[in-house]
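S.K.: Just so it is clear, I am handing over input-v9.tsv, which has TSV, C-alpha atoms.
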chain	number	residue	atom	x	y	z
L	1	MET	CA	-29.48	-64.25	-133.36
L	2	LYS	CA	-25.76	-63.93	-132.62
L	3	SER	CA	-24.85	-66.31	-135.45
L	4	SER	CA	-27.06	-64.33	-137.86
L	5	LEU	CA	-25.07	-61.21	-137.04
L	6	ILE	CA	-21.78	-63.00	-137.64
L	7	ILE	CA	-23.02	-64.28	-141.00
L	8	LEU	CA	-24.22	-60.84	-142.03
L	9	SER	CA	-21.01	-59.17	-140.93
L	10	PHE	CA	-19.03	-61.35	-143.36
L	11	PHE	CA	-21.26	-60.14	-146.21
L	12	ALA	CA	-20.98	-56.53	-145.04
L	13	ALA	CA	-17.20	-56.87	-144.63
L	14	GLY	CA	-16.99	-58.11	-148.23
L	15	ILE	CA	-18.83	-55.01	-149.48
L	16	LEU	CA	-16.72	-52.65	-147.39
L	17	PHE	CA	-13.43	-54.29	-148.37
L	18	SER	CA	-14.27	-54.18	-152.06
L	19	MET	CA	-15.02	-50.47	-151.80
L	20	THR	CA	-11.63	-49.72	-150.31
L	21	ASN	CA	-9.94	-51.31	-153.32
L	22	ILE	CA	-7.24	-52.93	-151.21
L	23	LEU	CA	-8.18	-56.47	-152.22
L	24	PRO	CA	-6.20	-58.44	-154.80
L	25	GLU	CA	-7.80	-58.91	-158.19
L	26	TRP	CA	-7.96	-62.73	-157.98
L	27	LEU	CA	-10.57	-62.58	-155.21
L	28	LEU	CA	-13.03	-61.31	-157.82
L	29	ASN	CA	-12.55	-64.36	-160.02
L	30	LYS	CA	-15.93	-65.98	-160.57
L	31	ASN	CA	-14.37	-69.44	-160.62
L	32	LEU	CA	-13.27	-68.98	-157.03
L	33	SER	CA	-16.91	-68.61	-155.90
L	34	SER	CA	-17.91	-71.63	-157.96
L	35	TYR	CA	-15.23	-73.84	-156.41
L	36	ALA	CA	-16.12	-72.58	-152.95
L	37	LEU	CA	-19.77	-73.41	-153.68
L	38	TYR	CA	-18.89	-76.96	-154.79
L	39	LEU	CA	-16.83	-77.38	-151.64
L	40	LEU	CA	-19.75	-76.12	-149.55
L	41	MET	CA	-22.17	-78.57	-151.18
L	42	LEU	CA	-19.74	-81.43	-150.60
L	43	ILE	CA	-19.48	-80.48	-146.92
L	44	VAL	CA	-23.25	-80.06	-146.55
L	45	GLY	CA	-23.63	-83.52	-148.07
L	46	VAL	CA	-21.10	-85.05	-145.66
L	47	GLY	CA	-22.95	-83.40	-142.78
L	48	VAL	CA	-26.28	-84.82	-143.95
L	49	GLY	CA	-24.90	-88.28	-144.65
L	50	SER	CA	-23.01	-88.63	-141.38
L	51	ASP	CA	-25.89	-87.43	-139.21
L	52	ARG	CA	-27.52	-90.40	-137.55
L	53	ALA	CA	-30.24	-88.21	-136.05
L	54	ILE	CA	-31.51	-87.57	-139.57
L	55	VAL	CA	-32.01	-91.28	-140.15
L	56	GLY	CA	-33.95	-91.42	-136.89
L	57	ILE	CA	-36.10	-88.51	-137.97
L	58	VAL	CA	-36.92	-90.12	-141.29
L	59	ARG	CA	-38.03	-93.24	-139.39
L	60	GLN	CA	-40.30	-91.21	-137.11
L	61	MET	CA	-42.16	-89.60	-139.93
L	62	ASN	CA	-45.87	-90.06	-140.06
L	63	VAL	CA	-48.34	-88.61	-142.48
L	64	ARG	CA	-49.62	-85.88	-140.23
L	65	ILE	CA	-46.31	-84.46	-139.06
L	66	ILE	CA	-44.94	-84.44	-142.61
L	67	LEU	CA	-47.84	-82.17	-143.56
L	68	VAL	CA	-46.26	-79.29	-141.62
L	69	PRO	CA	-43.09	-78.87	-143.75
L	70	LEU	CA	-45.16	-79.75	-146.82
L	71	VAL	CA	-47.42	-76.80	-146.09
L	72	VAL	CA	-44.35	-74.57	-145.83
L	73	VAL	CA	-42.99	-75.81	-149.17
L	74	LEU	CA	-46.28	-75.33	-151.02
L	75	GLY	CA	-47.06	-72.03	-149.31
L	76	SER	CA	-43.61	-70.52	-149.80
L	77	LEU	CA	-43.20	-71.52	-153.44
L	78	GLY	CA	-46.82	-70.69	-154.27
L	79	GLY	CA	-46.86	-67.36	-152.44
L	80	ALA	CA	-43.51	-66.14	-153.76
L	81	GLY	CA	-44.39	-67.35	-157.26
L	82	LEU	CA	-47.72	-65.53	-157.14
L	83	LEU	CA	-46.21	-62.22	-156.03
L	84	SER	CA	-43.55	-62.44	-158.74
L	85	TYR	CA	-46.23	-61.23	-161.15
L	86	PHE	CA	-45.76	-57.80	-159.57
L	87	ILE	CA	-42.00	-57.84	-160.15
L	88	TYR	CA	-41.20	-57.76	-163.82
L	89	GLN	CA	-37.44	-58.33	-163.35
L	90	ILE	CA	-37.98	-61.67	-161.61
L	91	SER	CA	-39.46	-64.76	-163.25
L	92	VAL	CA	-41.83	-67.15	-161.48
L	93	GLN	CA	-39.10	-69.80	-161.19
L	94	GLU	CA	-36.60	-67.33	-159.76
L	95	ALA	CA	-39.15	-66.14	-157.22
L	96	MET	CA	-39.90	-69.73	-156.23
L	97	ALA	CA	-36.17	-70.39	-155.76
L	98	VAL	CA	-36.00	-67.38	-153.42
L	99	GLY	CA	-39.06	-68.73	-151.58
L	100	ALA	CA	-37.39	-72.15	-151.36
L	101	GLY	CA	-34.79	-70.61	-149.04
L	102	PHE	CA	-37.39	-71.10	-146.24
L	103	GLY	CA	-35.52	-68.52	-144.15
L	104	TYR	CA	-32.19	-70.36	-144.47
L	105	TYR	CA	-30.65	-67.24	-145.94
L	106	SER	CA	-26.94	-68.07	-145.79
L	107	LEU	CA	-27.11	-71.27	-147.82
L	108	SER	CA	-29.90	-70.17	-150.18
L	109	ALA	CA	-28.24	-66.83	-150.94
L	110	VAL	CA	-24.86	-68.30	-151.87
L	111	LEU	CA	-26.52	-71.07	-153.90
L	112	ILE	CA	-28.70	-68.64	-155.84
L	113	ALA	CA	-25.85	-66.14	-156.30
L	114	GLY	CA	-23.66	-68.92	-157.67
L	115	LEU	CA	-26.26	-70.42	-159.97
L	116	LYS	CA	-28.23	-67.38	-161.10
L	117	GLY	CA	-26.20	-64.26	-160.40
L	118	GLN	CA	-25.41	-61.85	-157.60
L	119	GLU	CA	-28.52	-59.75	-157.98
L	120	LEU	CA	-30.94	-62.59	-157.27
L	121	GLY	CA	-28.51	-63.77	-154.59
L	122	VAL	CA	-28.86	-60.45	-152.78
L	123	VAL	CA	-32.67	-60.62	-153.14
L	124	ALA	CA	-32.60	-64.13	-151.65
L	125	LEU	CA	-30.38	-62.99	-148.79
L	126	LEU	CA	-32.66	-60.06	-147.93
L	127	ALA	CA	-35.95	-61.93	-148.46
L	128	ASN	CA	-34.97	-64.79	-146.19
L	129	ILE	CA	-33.55	-62.50	-143.51
L	130	ILE	CA	-36.83	-60.56	-143.57
L	131	ARG	CA	-38.66	-63.86	-143.12
L	132	GLU	CA	-36.67	-64.68	-139.99
L	133	VAL	CA	-36.94	-61.19	-138.51
L	134	ILE	CA	-40.72	-60.97	-139.09
L	135	THR	CA	-41.17	-64.38	-137.48
L	136	LEU	CA	-39.23	-63.28	-134.40
L	137	VAL	CA	-40.84	-59.86	-134.08
L	138	MET	CA	-44.44	-60.76	-134.96
L	139	ALA	CA	-44.54	-64.11	-133.15
L	140	PRO	CA	-47.35	-63.31	-130.69
L	141	PHE	CA	-49.56	-61.81	-133.43
L	142	LEU	CA	-48.91	-64.72	-135.76
L	143	VAL	CA	-50.11	-67.17	-133.10
L	144	ARG	CA	-53.23	-65.11	-132.36
L	145	PHE	CA	-54.33	-64.81	-135.99
L	146	PHE	CA	-53.05	-68.00	-137.56
L	147	GLY	CA	-52.98	-70.49	-134.69
L	148	LYS	CA	-50.39	-72.63	-132.98
L	149	LEU	CA	-48.60	-73.72	-136.14
L	150	ALA	CA	-48.09	-70.12	-137.31
L	151	ILE	CA	-44.59	-69.48	-135.99
L	152	ILE	CA	-43.39	-72.90	-137.15
L	153	VAL	CA	-44.57	-72.43	-140.72
L	154	SER	CA	-43.48	-68.79	-140.92
L	155	GLY	CA	-40.06	-69.60	-139.44
L	156	GLY	CA	-39.54	-72.35	-142.02
L	157	ALA	CA	-36.05	-73.83	-141.80
L	158	THR	CA	-35.19	-71.57	-138.86
L	159	ALA	CA	-37.86	-73.22	-136.66
L	160	MET	CA	-35.21	-75.72	-135.55
L	161	ASP	CA	-32.75	-73.11	-134.23
L	162	THR	CA	-33.09	-69.32	-134.35
L	163	THR	CA	-36.89	-69.09	-134.10
L	164	LEU	CA	-37.32	-72.14	-131.84
L	165	PRO	CA	-37.29	-70.01	-128.66
L	166	VAL	CA	-40.32	-67.97	-129.79
L	167	VAL	CA	-42.13	-71.19	-130.79
L	168	VAL	CA	-41.65	-72.52	-127.26
L	169	LYS	CA	-42.66	-69.22	-125.71
L	170	PHE	CA	-45.77	-68.37	-127.73
L	171	SER	CA	-46.99	-71.69	-129.18
L	172	GLY	CA	-46.09	-73.85	-126.21
L	173	LYS	CA	-43.41	-76.33	-125.28
L	174	GLU	CA	-45.34	-79.22	-126.81
L	175	MET	CA	-44.88	-77.66	-130.27
L	176	ALA	CA	-41.09	-77.78	-130.05
L	177	VAL	CA	-40.87	-81.29	-131.50
L	178	VAL	CA	-42.97	-80.32	-134.51
L	179	ALA	CA	-40.84	-77.17	-134.95
L	180	ILE	CA	-37.56	-79.09	-134.88
L	181	PHE	CA	-38.86	-81.77	-137.23
L	182	SER	CA	-40.21	-79.25	-139.73
L	183	GLY	CA	-37.07	-77.10	-139.49
L	184	ILE	CA	-34.75	-80.04	-140.16
L	185	VAL	CA	-36.78	-81.32	-143.12
L	186	LEU	CA	-36.87	-77.84	-144.67
L	187	SER	CA	-33.13	-77.25	-144.07
L	188	LEU	CA	-32.44	-80.52	-145.87
L	189	LEU	CA	-34.69	-79.50	-148.75
L	190	VAL	CA	-32.95	-76.14	-149.41
L	191	PRO	CA	-29.82	-77.56	-151.14
L	192	VAL	CA	-32.04	-79.91	-153.18
L	193	LEU	CA	-34.97	-77.67	-154.11
L	194	VAL	CA	-33.12	-74.44	-154.93
L	195	PRO	CA	-30.91	-75.92	-157.71
L	196	PHE	CA	-33.84	-78.04	-158.92
L	197	ILE	CA	-36.14	-75.04	-159.32
L	198	LEU	CA	-33.40	-72.93	-160.90
L	199	SER	CA	-32.79	-75.63	-163.50
L	200	PHE	CA	-36.18	-74.62	-164.95
L	201	ALA	CA	-35.44	-70.89	-164.87
R	1	MET	CA	-24.15	-77.31	-166.12
R	2	GLU	CA	-23.18	-75.65	-162.88
R	3	ILE	CA	-26.42	-76.90	-161.34
R	4	LEU	CA	-25.41	-80.50	-162.11
R	5	PHE	CA	-22.06	-79.96	-160.41
R	6	VAL	CA	-23.73	-78.47	-157.35
R	7	ILE	CA	-26.16	-81.38	-157.00
R	8	GLY	CA	-23.41	-83.88	-157.86
R	9	PHE	CA	-21.08	-82.64	-155.12
R	10	PHE	CA	-23.98	-82.74	-152.67
R	11	ILE	CA	-24.75	-86.38	-153.50
R	12	VAL	CA	-21.07	-87.39	-153.39
R	13	GLY	CA	-20.89	-85.70	-150.00
R	14	ILE	CA	-23.86	-87.70	-148.70
R	15	PHE	CA	-22.14	-90.96	-149.74
R	16	PHE	CA	-18.91	-89.87	-148.05
R	17	GLY	CA	-20.88	-88.97	-144.95
R	18	ARG	CA	-22.65	-92.36	-144.87
R	19	TRP	CA	-19.32	-94.10	-145.36
R	20	PHE	CA	-17.72	-92.29	-142.40
R	21	HIS	CA	-20.81	-92.03	-140.23
R	22	THR	CA	-19.31	-94.20	-137.48
R	23	PHE	CA	-16.75	-91.47	-136.78
R	24	GLN	CA	-18.62	-88.90	-134.74
R	25	LYS	CA	-15.76	-86.51	-135.46
R	26	VAL	CA	-16.65	-86.33	-139.15
R	27	LYS	CA	-20.00	-84.78	-138.29
R	28	LEU	CA	-18.47	-82.21	-135.93
R	29	VAL	CA	-15.72	-81.26	-138.37
R	30	SER	CA	-18.18	-81.01	-141.27
R	31	GLU	CA	-20.39	-78.66	-139.24
R	32	LYS	CA	-17.44	-76.38	-138.48
R	33	LEU	CA	-16.20	-76.50	-142.07
R	34	MET	CA	-19.67	-75.74	-143.40
R	35	MET	CA	-19.89	-72.63	-141.24
R	36	TRP	CA	-16.57	-71.36	-142.58
R	37	ALA	CA	-17.45	-72.20	-146.18
R	38	VAL	CA	-20.65	-70.16	-145.78
R	39	TYR	CA	-18.69	-67.26	-144.26
R	40	LEU	CA	-16.21	-67.40	-147.15
R	41	LEU	CA	-18.95	-67.45	-149.78
R	42	LEU	CA	-20.87	-64.59	-148.22
R	43	PHE	CA	-17.64	-62.60	-147.98
R	44	LEU	CA	-16.97	-63.28	-151.68
R	45	LEU	CA	-20.59	-62.35	-152.51
R	46	GLY	CA	-20.08	-59.13	-150.58
R	47	ILE	CA	-16.92	-58.38	-152.53
R	48	SER	CA	-18.53	-58.90	-155.92
R	49	VAL	CA	-21.62	-56.95	-154.87
R	50	GLY	CA	-19.41	-54.08	-153.72
R	51	HIS	CA	-17.73	-54.11	-157.12
R	52	ASN	CA	-21.04	-54.01	-158.92
R	53	PRO	CA	-22.33	-50.40	-158.95
R	54	GLN	CA	-25.58	-51.56	-160.56
R	55	ILE	CA	-26.48	-53.57	-157.46
R	56	ILE	CA	-25.41	-50.86	-155.03
R	57	GLU	CA	-27.47	-48.25	-156.90
R	58	ASN	CA	-30.49	-50.52	-157.10
R	59	PHE	CA	-30.25	-51.74	-153.55
R	60	HIS	CA	-33.60	-50.25	-152.55
R	61	THR	CA	-35.30	-51.87	-155.56
R	62	LEU	CA	-33.79	-55.23	-154.67
R	63	GLY	CA	-34.90	-54.62	-151.09
R	64	TRP	CA	-38.50	-54.10	-152.20
R	65	GLN	CA	-38.42	-57.19	-154.37
R	66	ALA	CA	-37.08	-59.16	-151.43
R	67	PHE	CA	-39.78	-57.75	-149.17
R	68	LEU	CA	-42.56	-58.68	-151.63
R	69	LEU	CA	-41.21	-62.20	-152.13
R	70	SER	CA	-40.85	-62.80	-148.42
R	71	MET	CA	-44.41	-61.54	-147.88
R	72	GLY	CA	-45.58	-64.00	-150.53
R	73	ALA	CA	-43.70	-66.91	-148.98
R	74	LEU	CA	-44.89	-65.98	-145.48
R	75	GLY	CA	-48.49	-65.35	-146.54
R	76	GLY	CA	-48.69	-68.62	-148.46
R	77	SER	CA	-47.22	-70.63	-145.58
R	78	LEU	CA	-49.44	-68.98	-142.97
R	79	PHE	CA	-52.58	-69.43	-145.08
R	80	LEU	CA	-51.95	-73.14	-145.70
R	81	GLY	CA	-50.83	-73.57	-142.09
R	82	LYS	CA	-54.13	-72.13	-140.93
R	83	LEU	CA	-56.03	-74.50	-143.23
R	84	LEU	CA	-54.04	-77.41	-141.82
R	85	MET	CA	-54.93	-76.30	-138.31
R	86	LEU	CA	-58.63	-76.11	-139.18
R	87	TRP	CA	-58.40	-79.56	-140.71
R	88	TYR	CA	-56.60	-81.24	-137.85
R	89	GLY	CA	-57.15	-78.46	-135.33
R	90	LYS	CA	-58.47	-80.35	-132.33
R	91	SER	CA	-56.05	-83.24	-132.39
R	92	MET	CA	-53.03	-80.99	-132.97
R	93	ASP	CA	-54.00	-78.75	-130.06
R	94	LYS	CA	-54.39	-81.61	-127.64
R	95	SER	CA	-51.53	-83.88	-128.56
R	96	GLY	CA	-49.03	-81.10	-129.03
R	97	GLY	CA	-48.88	-81.36	-132.74
R	98	ALA	CA	-49.19	-84.26	-135.05
R	99	TYR	CA	-46.74	-86.08	-132.94
R	100	GLU	CA	-48.51	-88.93	-131.25
R	101	LYS	CA	-46.62	-92.03	-130.38
Before anything else, please render the file you have as structure tokens.
M.R.:
Amino acid sequence: MKSSLIILSFFAAGILFSMTNILPEWLLNKNLSSYALYLLMLIVGVGVGSDRAIVGIVRQMNVRIILVPLVVVLGSLGGAGLLSYFIYQISVQEAMAVGAGFGYYSLSAVLIAGLKGQELGVVALLANIIREVITLVMAPFLVRFFGKLAIIVSGGATAMDTTLPVVVKFSGKEMAVVAIFSGIVLSLLVPVLVPFILSFA
Amino acid sequence: MEILFVIGFFIVGIFFGRWFHTFQKVKLVSEKLMMWAVYLLLFLLGISVGHNPQIIENFHTLGWQAFLLSMGALGGSLFLGKLLMLWYGKSMDKSGGAYEK
């Protein structure tokens, strides 16, 4: 939760600073954001490639445990895509890209803002923050109505870190492994799926 | 075009990471760097949003769109998650998830 606040405060600071008009003009250059995004993707890649735990996780996969993140992918893309019919400014593909953030709002928001524009970037930021907050706040109800997997699938990519404590508390300690596995797989999918979906938009 | 660059840098990064994976430091440094790159990008997003009166004025509309989309994503995930539980329910309950060794 603390890291979420830090991340958000950088966004808020950006808005506040730009309103005071004390920032130099070159900070607004769109190329700067693009280069920063390329750098971020390079770093994310290095992180993924150098992580031996990820190789171990891929080896441990079996059909049944892989169904958990798969359910989140299908449910998030399908659900967001379906509701996009009520939002005439947002196409099905754009809605699916927002859904493909899986709660990983920092990375998905900057990716979508860079590839599709600030407006959809802001929507992605808010939508994925809402996803995390609802998971944290509604955790006990989610378990009661949707079963033991509920918090893990609603937390999405955050099930491995920020929402893991509520998984352990309300679903049980034995679900922690499933939560971490699903969270890691979904976090890895964000930088792949979001650009892929947006290439059809 | 930009999408190709984004995916390209990601793939190049993975190869770099595999190449240097014996140095545990690379992983630690890349995690730190990633955090700061995200902070920088969100700060820049904040700046351009602050300079865009259209977004500021429509913030509540964007908020509603975000709320709807997150409801869709959550609803879809929960619905399919419930189905999965019904399917495998018993074994998942007992073994602590689909994680039998």
S.K.: In Å, with one decimal, what is the gap from atom CA of Met35 of chain R to atom CA of Thr135 of chain L?
M.R.: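 Interatomic distance, atom CA of Met35 of chain R to atom CA of Thr135 of chain L: 23.1 Å.
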S.K.: List the neighbours of segment 95-111 of chain L out to 7 Å using all atoms listed in the file; skip same-chain residues closer than 4 positions along the sequence, and give me the result as a VMD selection string.
M.R.: (chain L and resid 76 to 77 80 to 81 84 90 to 91 115 121 to 122 124 to 125 128 to 129 131 to 132 155 to 158 186 to 187 190 193 to 194 197 to 198) or (chain R and resid 38 41 to 42 69 to 70 73)
S.K.: Can you tell me, as a PyMOL selection string, what residues are no more than 8 Å from Gln65 of chain R when counting only C-alpha atoms, ignoring any on the same chain fewer than 5 positions away?
M.R.: chain L and resi 87+123+127
S.K.: Check the smallest atom-to-atom distance from each of R:Phe67, R:Phe23, R:Phe5, R:Trp36 to Leu83 of chain L using only C-alpha atoms, then report the winner.
M.R.: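 For Leu83 of chain L, the nearest of the given residues is R:Phe67.
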S.K.: Quick one: everything within 12 Å of Gly50 of chain R, counting all atoms listed in the file, minus sequence neighbours fewer than 4 positions away in the same chain. Send it as a count of residues only.
M.R.: 26
S.K.: Sort by chain and increasing residue number a table of all residues of chain R within 7 Å of chain L, each with its closest pair of atoms and their distance in Å to one decimal, counting only C-alpha atoms, and write it as a tab-separated table.
M.R.:
residue	atom	partner	partner_atom	distance
R:Glu2	CA	L:Leu115	CA	6.7
R:Ile3	CA	L:Pro195	CA	5.9
R:Val6	CA	L:Tyr38	CA	5.7
R:Phe9	CA	L:Leu42	CA	4.9
R:Phe10	CA	L:Gly45	CA	4.7
R:Ile11	CA	L:Gly45	CA	6.2
R:Val12	CA	L:Leu42	CA	6.7
R:Gly13	CA	L:Gly45	CA	4.0
R:Ile14	CA	L:Gly49	CA	4.2
R:Phe15	CA	L:Gly49	CA	6.4
R:Phe16	CA	L:Val46	CA	5.8
R:Gly17	CA	L:Val46	CA	4.0
R:Arg18	CA	L:Gly49	CA	4.7
R:Phe20	CA	L:Ser50	CA	6.5
R:His21	CA	L:Ser50	CA	4.2
R:Lys27	CA	L:Gly47	CA	5.5
R:Ser30	CA	L:Gly47	CA	5.5
R:Glu31	CA	L:Gly47	CA	6.4
R:Met34	CA	L:Ile43	CA	5.9
R:Ala37	CA	L:Leu40	CA	5.7
R:Val38	CA	L:Ser106	CA	6.6
R:Tyr39	CA	L:Phe10	CA	6.0
R:Leu41	CA	L:Val110	CA	6.3
R:Leu42	CA	L:Phe11	CA	4.9
R:Phe43	CA	L:Gly14	CA	4.5
R:Leu44	CA	L:Gly14	CA	6.2
R:Leu45	CA	L:Phe11	CA	6.7
R:Gly46	CA	L:Gly14	CA	4.0
R:Ile47	CA	L:Gly14	CA	4.3
R:Ser48	CA	L:Leu28	CA	6.3
R:Val49	CA	L:Ile15	CA	6.4
R:Gly50	CA	L:Ile15	CA	4.4
R:His51	CA	L:Ser18	CA	6.1
R:Ile55	CA	L:Glu119	CA	6.5
R:Leu62	CA	L:Val123	CA	5.7
R:Gly63	CA	L:Leu126	CA	6.7
R:Gln65	CA	L:Val123	CA	6.8
R:Ala66	CA	L:Ala127	CA	4.2
R:Phe67	CA	L:Ala127	CA	5.7
R:Leu68	CA	L:Leu83	CA	6.7
R:Leu69	CA	L:Ala80	CA	4.8
R:Ser70	CA	L:Ala127	CA	5.0
R:Gly72	CA	L:Gly79	CA	4.1
R:Ala73	CA	L:Ser76	CA	3.7
R:Leu74	CA	L:Ser154	CA	5.5
R:Gly75	CA	L:Gly79	CA	6.4
R:Gly76	CA	L:Gly75	CA	3.9
R:Ser77	CA	L:Gly75	CA	4.0
R:Leu78	CA	L:Ala150	CA	5.9
R:Leu80	CA	L:Val71	CA	5.8
R:Gly81	CA	L:Val71	CA	6.2
R:Lys82	CA	L:Phe146	CA	5.4
R:Gly96	CA	L:Glu174	CA	4.7
R:Gly97	CA	L:Met175	CA	6.0
R:Ala98	CA	L:Ile65	CA	4.9
R:Tyr99	CA	L:Ile65	CA	6.3
S.K.: Box for segment 46-63 of chain R - axis-aligned, 6 Å on each of the six sides, all listed atoms - centre and size in Å to one decimal, as JSON.
M.R.:
{"center_x": -26.1, "center_y": -53.7, "center_z": -155.6, "size_x": 30.4, "size_y": 22.9, "size_z": 22.0}
S.K.: Using atom CA of Leu33 of chain R and atom CA of Leu188 of chain L as the two end points, give the distance in Å to one decimal.
M.R.: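 Pair atom CA of Leu33 of chain R / atom CA of Leu188 of chain L returns 17.2 Å.
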S.K.: At what distance in Å, to one decimal, does atom CA of Ala53 of chain L lie from atom CA of Leu189 of chain L?
M.R.: 16.0 Å
S.K.: Rank L:Ile54, L:Val133, L:Ile180, L:Met160 by their smallest atom-to-atom distance to Ser4 of chain L, using only C-alpha atoms, and report the top residue only.
M.R.: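 Distance minimum relative to Ser4 of chain L lands on L:Val133.
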